[in-house]
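**Q** Input target_34.txt, format and content: compact mmCIF, C-alpha atoms and all ligand atoms.
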# COMPACT_ATOMS: atom_id res chain seq x y z
CA LYS A 116 -33.98 -36.04 -32.50
CA GLN A 117 -30.41 -36.00 -33.63
CA ASP A 118 -30.55 -32.23 -34.25
CA GLU A 119 -31.90 -31.67 -30.78
CA ASP A 120 -29.10 -33.65 -29.20
CA GLN A 121 -26.58 -31.78 -31.26
CA LEU A 122 -27.97 -28.44 -30.06
CA ILE A 123 -27.68 -29.47 -26.47
CA ILE A 124 -24.12 -30.56 -26.95
CA ASP A 125 -23.22 -27.23 -28.60
CA ALA A 126 -24.83 -25.22 -25.83
CA GLY A 127 -22.97 -27.28 -23.29
CA GLN A 128 -19.65 -26.63 -24.94
CA LYS A 129 -20.30 -22.89 -25.12
CA GLN A 130 -20.88 -22.83 -21.39
CA PHE A 131 -17.89 -25.00 -20.79
CA GLY A 132 -15.62 -22.90 -22.99
CA ALA A 133 -16.28 -19.62 -21.17
CA THR A 134 -13.15 -18.61 -19.33
CA THR A 135 -12.51 -15.69 -17.01
CA CYS A 136 -8.97 -14.40 -17.27
CA SER A 137 -7.61 -14.16 -13.74
CA SER A 138 -5.41 -11.19 -14.61
CA CYS A 139 -7.51 -8.86 -16.73
CA GLY A 140 -10.88 -10.23 -15.67
CA MET A 141 -12.26 -10.58 -19.21
CA VAL A 142 -14.79 -13.36 -19.78
CA TYR A 143 -14.28 -14.98 -23.16
CA SER A 144 -14.64 -18.22 -25.01
CA ALA A 145 -11.18 -19.68 -25.47
CA ASP A 146 -12.18 -21.85 -28.42
CA ASN A 147 -13.68 -18.95 -30.40
CA PRO A 148 -10.89 -17.36 -32.49
CA GLU A 149 -12.55 -13.93 -32.53
CA ASP A 150 -13.01 -13.98 -28.75
CA HIS A 151 -9.49 -15.23 -28.33
CA PHE A 152 -8.16 -12.34 -30.40
CA GLN A 153 -10.23 -9.77 -28.51
CA HIS A 154 -8.97 -11.12 -25.24
CA THR A 155 -5.34 -10.97 -26.36
CA GLN A 156 -5.79 -7.32 -27.27
CA PHE A 157 -7.64 -6.37 -24.10
CA HIS A 158 -5.15 -8.28 -21.97
CA GLN A 159 -2.20 -6.46 -23.52
CA ARG A 160 -3.82 -3.07 -23.03
CA PHE A 161 -4.50 -3.98 -19.40
CA LEU A 162 -0.86 -4.98 -18.82
CA ASP A 163 0.36 -1.75 -20.49
CA SER A 164 -1.89 0.29 -18.20
CA ILE A 165 -0.47 -1.20 -15.02
CA LYS A 166 3.14 -1.38 -16.19
CA PHE A 167 5.41 1.02 -14.31
CA VAL A 168 8.66 2.10 -15.96
CA GLY A 169 9.97 4.36 -13.20
CA TRP A 170 9.89 8.14 -13.02
CA LYS A 171 12.53 10.82 -12.74
CA LYS A 172 10.77 12.21 -9.66
CA GLU A 173 8.80 9.83 -7.51
CA ARG A 174 7.01 10.89 -4.34
CA VAL A 175 7.57 7.73 -2.31
CA VAL A 176 5.32 7.85 0.75
CA ALA A 177 5.85 4.28 2.00
CA GLU A 178 8.22 1.40 1.34
CA PHE A 179 7.78 -2.30 2.00
CA TRP A 180 9.64 -5.50 1.26
CA ASP A 181 7.18 -6.26 -1.56
CA GLY A 182 6.75 -2.80 -3.01
CA LYS A 183 6.30 0.90 -2.45
CA ILE A 184 3.54 3.49 -2.45
CA LEU A 185 3.78 6.61 -4.60
CA LEU A 186 1.60 9.66 -4.20
CA VAL A 187 0.51 11.54 -7.32
CA MET A 188 -0.76 15.09 -6.82
CA PRO A 189 -2.85 17.15 -9.25
CA ASP A 190 0.06 19.42 -10.24
CA ASP A 191 2.54 16.61 -10.93
CA PRO A 192 4.24 16.11 -14.31
CA LYS A 193 2.11 14.81 -17.18
CA TYR A 194 3.64 11.31 -17.18
CA ALA A 195 2.61 10.80 -13.56
CA ILE A 196 -0.91 12.14 -14.07
CA LYS A 197 -1.27 9.97 -17.17
CA LYS A 198 -0.27 6.79 -15.33
CA ALA A 199 -2.60 7.58 -12.43
CA GLU A 200 -5.40 8.16 -14.93
CA ASP A 201 -4.69 4.93 -16.86
CA VAL A 202 -4.76 2.84 -13.70
CA ARG A 203 -7.90 4.58 -12.47
CA LEU A 204 -9.63 3.71 -15.74
CA VAL A 205 -8.67 0.04 -15.30
CA ALA A 206 -10.13 0.16 -11.80
CA ASP A 207 -13.26 1.98 -12.96
CA SER A 208 -13.97 -0.53 -15.68
CA GLU A 209 -13.71 -3.33 -13.14
CA LEU A 210 -15.91 -1.44 -10.70
CA GLY A 211 -18.43 -0.81 -13.45
CA PHE A 212 -18.22 2.94 -12.95
CA GLN A 213 -19.62 4.77 -15.94
CA GLN A 214 -18.70 8.21 -14.79
CA VAL A 215 -15.05 8.62 -15.77
CA THR A 216 -14.36 12.05 -14.35
CA LEU A 217 -13.65 12.68 -10.70
CA SER A 218 -15.93 15.02 -8.80
CA ARG A 219 -13.08 17.43 -8.05
CA PRO A 220 -10.04 16.40 -10.12
CA THR A 221 -7.96 19.34 -8.89
CA GLN A 222 -8.23 18.10 -5.31
CA ALA A 223 -7.72 14.39 -5.77
CA LYS A 224 -4.65 12.59 -4.51
CA THR A 225 -3.85 9.26 -6.10
CA TYR A 226 -1.86 6.60 -4.26
CA LEU A 227 -0.26 3.88 -6.38
CA PHE A 228 1.16 0.67 -4.96
CA ILE A 229 4.08 -0.50 -7.15
CA ASN A 230 5.25 -4.07 -6.63
CA THR A 231 8.78 -5.39 -7.08
CA GLU A 232 7.91 -6.54 -10.61
CA ARG A 233 7.23 -2.93 -11.57
CA MET A 234 3.51 -3.24 -11.86
CA VAL A 235 0.93 -0.89 -10.37
CA VAL A 236 -1.05 -3.41 -8.32
CA GLY A 237 -3.00 -0.95 -6.20
CA CYS A 238 -4.71 2.37 -6.76
CA LEU A 239 -6.51 4.60 -4.28
CA VAL A 240 -8.06 7.99 -4.99
CA ALA A 241 -8.62 10.23 -1.97
CA GLU A 242 -10.39 13.59 -1.89
CA SER A 243 -11.07 16.14 0.83
CA ILE A 244 -14.65 16.16 1.98
CA ARG A 245 -16.57 17.97 4.67
CA GLN A 246 -19.16 15.41 5.64
CA ALA A 247 -20.09 11.85 4.82
CA TYR A 248 -22.79 9.30 5.41
CA ARG A 249 -21.81 6.24 7.40
CA VAL A 250 -22.21 2.92 5.63
CA LEU A 251 -24.80 0.80 7.44
CA GLU A 252 -24.39 -2.87 8.32
CA GLN A 253 -25.46 -5.31 5.63
CA PRO A 254 -28.72 -7.10 6.55
CA ASP A 255 -28.48 -10.90 6.42
CA GLN A 256 -31.04 -11.57 3.71
CA LEU A 257 -28.83 -9.77 1.21
CA LYS A 258 -26.08 -12.34 1.48
CA ASP A 259 -27.68 -14.63 -1.14
CA MET A 260 -28.00 -11.95 -3.77
CA THR A 261 -25.88 -12.02 -6.90
CA LYS A 262 -23.28 -9.31 -7.27
CA ASP A 263 -25.32 -7.46 -9.93
CA ASP A 264 -28.50 -7.49 -7.87
CA PHE A 265 -26.54 -6.32 -4.94
CA MET A 266 -24.88 -3.46 -6.75
CA GLU A 267 -28.14 -2.31 -8.27
CA ARG A 268 -30.36 -2.52 -5.21
CA HIS A 269 -27.85 -1.77 -2.54
CA ARG A 270 -26.21 1.43 -3.63
CA ALA A 271 -29.31 3.52 -3.17
CA TRP A 272 -29.90 2.79 0.48
CA CYS A 273 -26.78 1.45 2.09
CA CYS A 274 -25.90 4.73 3.72
CA SER A 275 -27.23 6.51 6.76
CA THR A 276 -29.03 9.78 6.12
CA VAL A 277 -27.30 11.49 9.02
CA PRO A 278 -24.16 13.28 7.89
CA GLU A 279 -21.07 12.80 10.02
CA GLN A 280 -17.79 14.55 10.20
CA ALA A 281 -15.18 13.13 7.84
CA LEU A 282 -12.15 14.73 6.33
CA CYS A 283 -11.02 12.35 3.65
CA GLY A 284 -13.19 10.50 1.18
CA ILE A 285 -11.99 7.39 -0.64
CA SER A 286 -13.64 7.55 -4.02
CA ARG A 287 -11.76 4.56 -5.49
CA ILE A 288 -9.81 1.70 -4.06
CA TRP A 289 -8.66 -1.14 -6.28
CA VAL A 290 -6.11 -3.92 -6.00
CA PHE A 291 -5.00 -6.09 -8.93
CA SER A 292 -6.95 -9.36 -8.75
CA LEU A 293 -3.84 -11.54 -8.41
CA ALA A 294 -2.48 -9.37 -5.58
CA ARG A 295 -5.51 -9.31 -3.29
CA ARG A 296 -5.58 -10.41 0.36
CA GLN A 297 -1.96 -9.43 0.89
CA GLY A 298 -2.76 -6.32 2.86
CA ILE A 299 -2.18 -3.93 -0.04
CA ALA A 300 -5.45 -2.02 0.43
CA THR A 301 -4.83 -1.89 4.19
CA ARG A 302 -1.34 -0.49 3.69
CA MET A 303 -2.58 2.08 1.16
CA LEU A 304 -5.22 3.31 3.62
CA ASP A 305 -2.76 3.44 6.51
CA THR A 306 -0.52 5.54 4.27
CA VAL A 307 -3.40 7.86 3.35
CA ARG A 308 -4.08 8.43 7.05
CA SER A 309 -0.53 9.54 7.73
CA THR A 310 0.07 11.58 4.56
CA PHE A 311 -3.24 12.98 3.33
CA MET A 312 -3.28 16.00 5.63
CA TYR A 313 0.07 17.57 6.22
CA GLY A 314 1.10 17.40 9.85
CA SER A 315 -1.80 15.36 11.17
CA HIS A 316 -2.65 11.70 11.41
CA LEU A 317 -6.24 10.92 10.47
CA THR A 318 -8.26 8.48 12.54
CA LYS A 319 -10.23 5.69 10.88
CA GLU A 320 -13.41 7.66 11.59
CA GLU A 321 -12.13 10.62 9.64
CA ILE A 322 -11.93 8.50 6.50
CA SER A 323 -15.02 7.48 4.59
CA PHE A 324 -15.65 5.29 1.57
CA SER A 325 -17.94 6.57 -1.13
CA ASP A 326 -20.33 4.19 -2.82
CA PRO A 327 -18.65 0.94 -1.76
CA THR A 328 -18.98 -2.30 -3.72
CA PRO A 329 -19.61 -5.62 -1.89
CA ASP A 330 -15.83 -6.27 -1.80
CA GLY A 331 -15.32 -2.70 -0.70
CA LYS A 332 -17.79 -3.07 2.18
CA LEU A 333 -16.22 -6.30 3.41
CA PHE A 334 -12.85 -4.66 3.35
CA ALA A 335 -14.02 -1.36 4.89
CA THR A 336 -15.89 -3.12 7.70
CA LYS A 337 -12.80 -5.16 8.54
CA TYR A 338 -10.54 -2.13 8.30
CA SER A 339 -12.69 0.08 10.51
CA ASN A 340 -12.90 -2.54 13.26
CA THR A 341 -9.23 -3.39 13.53
N1 LIG A 401 -14.01 -10.74 1.12
C1 LIG A 401 -13.97 -10.82 2.47
N2 LIG A 401 -13.10 -10.09 3.24
C2 LIG A 401 -12.27 -9.25 2.60
C3 LIG A 401 -12.26 -9.12 1.19
C4 LIG A 401 -13.18 -9.92 0.44
N3 LIG A 401 -13.25 -9.85 -0.89
N4 LIG A 401 -11.32 -8.24 0.84
C5 LIG A 401 -10.75 -7.81 1.99
N5 LIG A 401 -11.33 -8.41 3.06
C6 LIG A 401 -11.01 -8.21 4.50
C7 LIG A 401 -10.27 -9.37 5.04
O1 LIG A 401 -10.59 -9.50 6.40
C8 LIG A 401 -8.83 -8.96 4.87
O2 LIG A 401 -7.96 -9.56 5.80
P1 LIG A 401 -7.47 -11.10 5.58
O3 LIG A 401 -7.00 -11.23 4.16
O4 LIG A 401 -6.36 -11.23 6.58
O5 LIG A 401 -8.65 -11.96 5.88
C9 LIG A 401 -8.89 -7.49 5.16
O6 LIG A 401 -10.15 -7.07 4.65
C10 LIG A 401 -7.75 -6.70 4.53
O7 LIG A 401 -7.72 -6.92 3.13
P2 LIG A 401 -6.54 -6.41 2.17
O8 LIG A 401 -5.63 -7.54 1.82
O9 LIG A 401 -5.89 -5.21 2.76
O10 LIG A 401 -7.41 -5.96 0.91
P3 LIG A 401 -7.01 -6.14 -0.64
O11 LIG A 401 -5.63 -5.63 -0.85
O12 LIG A 401 -7.29 -7.53 -1.06
O13 LIG A 401 -8.04 -5.14 -1.36
C11 LIG A 401 -10.15 -4.50 -2.28
C12 LIG A 401 -9.41 -5.10 -1.07
C13 LIG A 401 -9.57 -3.14 -2.63
C14 LIG A 401 -11.64 -4.31 -1.91
C15 LIG A 401 -10.00 -5.48 -3.47
O14 LIG A 401 -10.69 -6.67 -3.19
C16 LIG A 401 -10.49 -4.95 -4.81
O15 LIG A 401 -9.78 -4.22 -5.48
N6 LIG A 401 -11.72 -5.35 -5.22
C17 LIG A 401 -12.28 -4.96 -6.50
C18 LIG A 401 -12.53 -3.48 -6.58
C19 LIG A 401 -13.47 -3.00 -5.48
O16 LIG A 401 -14.54 -3.53 -5.27
N7 LIG A 401 -13.02 -1.96 -4.75
C20 LIG A 401 -13.79 -1.31 -3.68
C21 LIG A 401 -14.68 -0.30 -4.32
S1 LIG A 401 -15.45 0.75 -3.15
C22 LIG A 401 -14.64 2.22 -3.36
O17 LIG A 401 -13.86 2.36 -4.26
C23 LIG A 401 -14.94 3.39 -2.46
ZN ZN A 402 -6.58 -11.50 -19.71
Here is a file; write its structure as C-alpha cells.
Ligand code: ACO
Ligand code: ZN
**A**
Amino acid sequence: KQDEDQLIIDAGQKQFGATTCSSCGMVYSADNPEDHFQHTQFHQRFLDSIKFVGWKKERVVAEFWDGKILLVMPDDPKYAIKKAEDVRLVADSELGFQQVTLSRPTQAKTYLFINTERMVVGCLVAESIRQAYRVLEQPDQLKDMTKDDFMERHRAWCCSTVPEQALCGISRIWVFSLARRQGIATRMLDTVRSTFMYGSHLTKEEISFSDPTPDGKLFATKYSNT
C-alpha cells in the first residue's frame, strides 16, 4: 500500500515538474539535473541562432519603431546566407519540418525581422511559383482536435484540387514565440508584397501559403480577409 502511494506521488511530481520554456519552446523537467543541463544547452544554441550582430551590407526593405526587415537573396555574402539558414532551421524545428532543404534554394528570398534588441524575431521564406491550391475553410468538427492530430490528418486534404494563379509562395513563416501578436508576420507579408517582384505590388491573392500549420491558417485567414 505504501509503495503504491509513493508511486502515485512520484508520477504526480513528474507531471508537475514538466516545464515548457517560453523562449526556446523546449519541454523539460526542471528538477531533473540532466534535463536541466540539456535545456541550458539547447536554449543557448537557440539564442545564438537568433542573435543578430549587424552586417557590413544590409538590404533594409522596411523600418519600424520596433525593428526592421532585411531581405537576404541567394547570392548574398556567406554570413547573411548562414544567418538566414540558422534562423530557418530554428523555425523548421518548431514547425516539425523534417525536410531541411528548400525546394528551389537558388530562388528563395528570406525576410528577417530584426528587433531593437538585435534579435531575429521573424523569418519568412518566399519563392516564385506558377500555381497554387487555395487553402479551404476549416470544418467545425476539427476545432477539438489536438495539434498533432490536426497536423497529421489535416495536411493531406486541406487544399483545393483546383490550381489557381499565384506568383509568390510562402514556404515558411515564423515569429519568435515571445514576439507574436504584434503584427510582425503581417508586416513581413506586406513587405513581401511590395518587394518580392521588382516594380510591381502583389495582391493578397497572388500570395499563397504552402502547407500551413493551424497557427499559420488562423493567421493566413485573417490576413487574406483584411
Ligand atoms: N491564433 C488566432 N489568430 C491568430 C494567431 C493565432 N495563433 N496568430 C495570428 N492570428 C491572427 C490574429 O487575428 C492577428 O491579429 P490580432 O493579434 O490583432 O488578433 C492577426 O492574425 C495578425 O497576426 P500577427 O501578429 O501579424 O502574427 P504573428 O506575428 O503573431 O505571427 C505566426 C503569426 C507566424 C503564425 C506565428 O504564430 C508563428 O510563428 N507560429 C509558429 C510557426 C507557424 O505555425 N508558422 C506558420 C507555418 S505555415 C507556413 O510556414 C507556410
Ligand atoms: Zn529555453
**Q** Using all atoms listed in the file, which of the listed residues (A:Ile184, A:Arg233, A:Ser286, A:Pro148) sits closest to A:Asp305?
**A**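 Smallest separation from A:Asp305 among the options: A:Ile184.
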**Q** Record the distance separating atom CA of A:Gly182 and atom CA of A:Tyr226, expressed in Å with one decimal.
**A**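 Taking atom CA of A:Gly182 and atom CA of A:Tyr226, their separation equals 12.8 Å.
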**Q** Report the distance between atom CA of A:Ala223 and atom CA of A:Arg174 in Å, rounded to one decimal place.
**A** 15.2 Å
**Q** Residues within 6 Å of ligand ZN 402 (chain A) (only C-alpha atoms and all ligand atoms), as a list in words?
**A** Cys136, Ser138, Cys139, Met141 and His158 of chain A
**Q** Of the candidates A:Phe167, A:Trp289, A:Phe228, A:Trp180, which shows the shortest atom-to-atom distance to ligand LIG 401 (chain A), using only C-alpha atoms and all ligand atoms?
**A** A:Trp289
**Q** Counting all atoms listed in the file, figure out which residue out of A:Val240, A:Ala145, A:Met234, A:Leu317 gets nearest to A:Leu293.
**A**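 The closest residue to A:Leu293 is A:Met234.
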**Q** Extract stretch 142-158 of chain A from the structure I just pasted (atoms: N, CA and C atoms) and return it as a PDB file, in the first residue's frame.
**A**
ATOM      1  N   VAL A 142      10.433  21.378 -23.872  1.00  0.00           N
ATOM      2  CA  VAL A 142       9.715  20.834 -22.713  1.00  0.00           C
ATOM      3  C   VAL A 142      10.723  20.026 -21.910  1.00  0.00           C
ATOM      4  N   TYR A 143      10.871  20.343 -20.647  1.00  0.00           N
ATOM      5  CA  TYR A 143      11.845  19.619 -19.840  1.00  0.00           C
ATOM      6  C   TYR A 143      11.386  19.607 -18.396  1.00  0.00           C
ATOM      7  N   SER A 144      12.038  18.717 -17.631  1.00  0.00           N
ATOM      8  CA  SER A 144      11.710  18.635 -16.225  1.00  0.00           C
ATOM      9  C   SER A 144      12.752  19.427 -15.445  1.00  0.00           C
ATOM     10  N   ALA A 145      12.313  20.506 -14.848  1.00  0.00           N
ATOM     11  CA  ALA A 145      13.248  21.437 -14.207  1.00  0.00           C
ATOM     12  C   ALA A 145      14.001  20.800 -13.037  1.00  0.00           C
ATOM     13  N   ASP A 146      13.376  19.811 -12.385  1.00  0.00           N
ATOM     14  CA  ASP A 146      14.054  19.225 -11.219  1.00  0.00           C
ATOM     15  C   ASP A 146      14.913  18.018 -11.568  1.00  0.00           C
ATOM     16  N   ASN A 147      15.054  17.720 -12.863  1.00  0.00           N
ATOM     17  CA  ASN A 147      15.958  16.653 -13.291  1.00  0.00           C
ATOM     18  C   ASN A 147      17.245  17.306 -13.813  1.00  0.00           C
ATOM     19  N   PRO A 148      18.376  17.060 -13.129  1.00  0.00           N
ATOM     20  CA  PRO A 148      19.625  17.744 -13.497  1.00  0.00           C
ATOM     21  C   PRO A 148      20.028  17.529 -14.958  1.00  0.00           C
ATOM     22  N   GLU A 149      19.845  16.307 -15.456  1.00  0.00           N
ATOM     23  CA  GLU A 149      20.208  16.007 -16.839  1.00  0.00           C
ATOM     24  C   GLU A 149      19.344  16.831 -17.818  1.00  0.00           C
ATOM     25  N   ASP A 150      18.041  16.841 -17.550  1.00  0.00           N
ATOM     26  CA  ASP A 150      17.108  17.631 -18.349  1.00  0.00           C
ATOM     27  C   ASP A 150      17.467  19.108 -18.296  1.00  0.00           C
ATOM     28  N   HIS A 151      17.760  19.544 -17.092  1.00  0.00           N
ATOM     29  CA  HIS A 151      18.100  20.941 -16.855  1.00  0.00           C
ATOM     30  C   HIS A 151      19.304  21.343 -17.704  1.00  0.00           C
ATOM     31  N   PHE A 152      20.310  20.455 -17.703  1.00  0.00           N
ATOM     32  CA  PHE A 152      21.526  20.692 -18.465  1.00  0.00           C
ATOM     33  C   PHE A 152      21.237  20.736 -19.970  1.00  0.00           C
ATOM     34  N   GLN A 153      20.434  19.764 -20.429  1.00  0.00           N
ATOM     35  CA  GLN A 153      20.097  19.715 -21.853  1.00  0.00           C
ATOM     36  C   GLN A 153      19.358  20.979 -22.275  1.00  0.00           C
ATOM     37  N   HIS A 154      18.476  21.425 -21.396  1.00  0.00           N
ATOM     38  CA  HIS A 154      17.745  22.642 -21.723  1.00  0.00           C
ATOM     39  C   HIS A 154      18.689  23.840 -21.823  1.00  0.00           C
ATOM     40  N   THR A 155      19.582  23.974 -20.870  1.00  0.00           N
ATOM     41  CA  THR A 155      20.524  25.091 -20.879  1.00  0.00           C
ATOM     42  C   THR A 155      21.297  25.134 -22.193  1.00  0.00           C
ATOM     43  N   GLN A 156      21.723  23.962 -22.640  1.00  0.00           N
ATOM     44  CA  GLN A 156      22.477  23.893 -23.897  1.00  0.00           C
ATOM     45  C   GLN A 156      21.627  24.269 -25.105  1.00  0.00           C
ATOM     46  N   PHE A 157      20.437  23.667 -25.164  1.00  0.00           N
ATOM     47  CA  PHE A 157      19.530  23.926 -26.283  1.00  0.00           C
ATOM     48  C   PHE A 157      19.143  25.404 -26.330  1.00  0.00           C
ATOM     49  N   HIS A 158      18.857  25.943 -25.155  1.00  0.00           N
ATOM     50  CA  HIS A 158      18.439  27.332 -25.020  1.00  0.00           C
ATOM     51  C   HIS A 158      19.525  28.284 -25.541  1.00  0.00           C
TER      52      HIS A 158
END
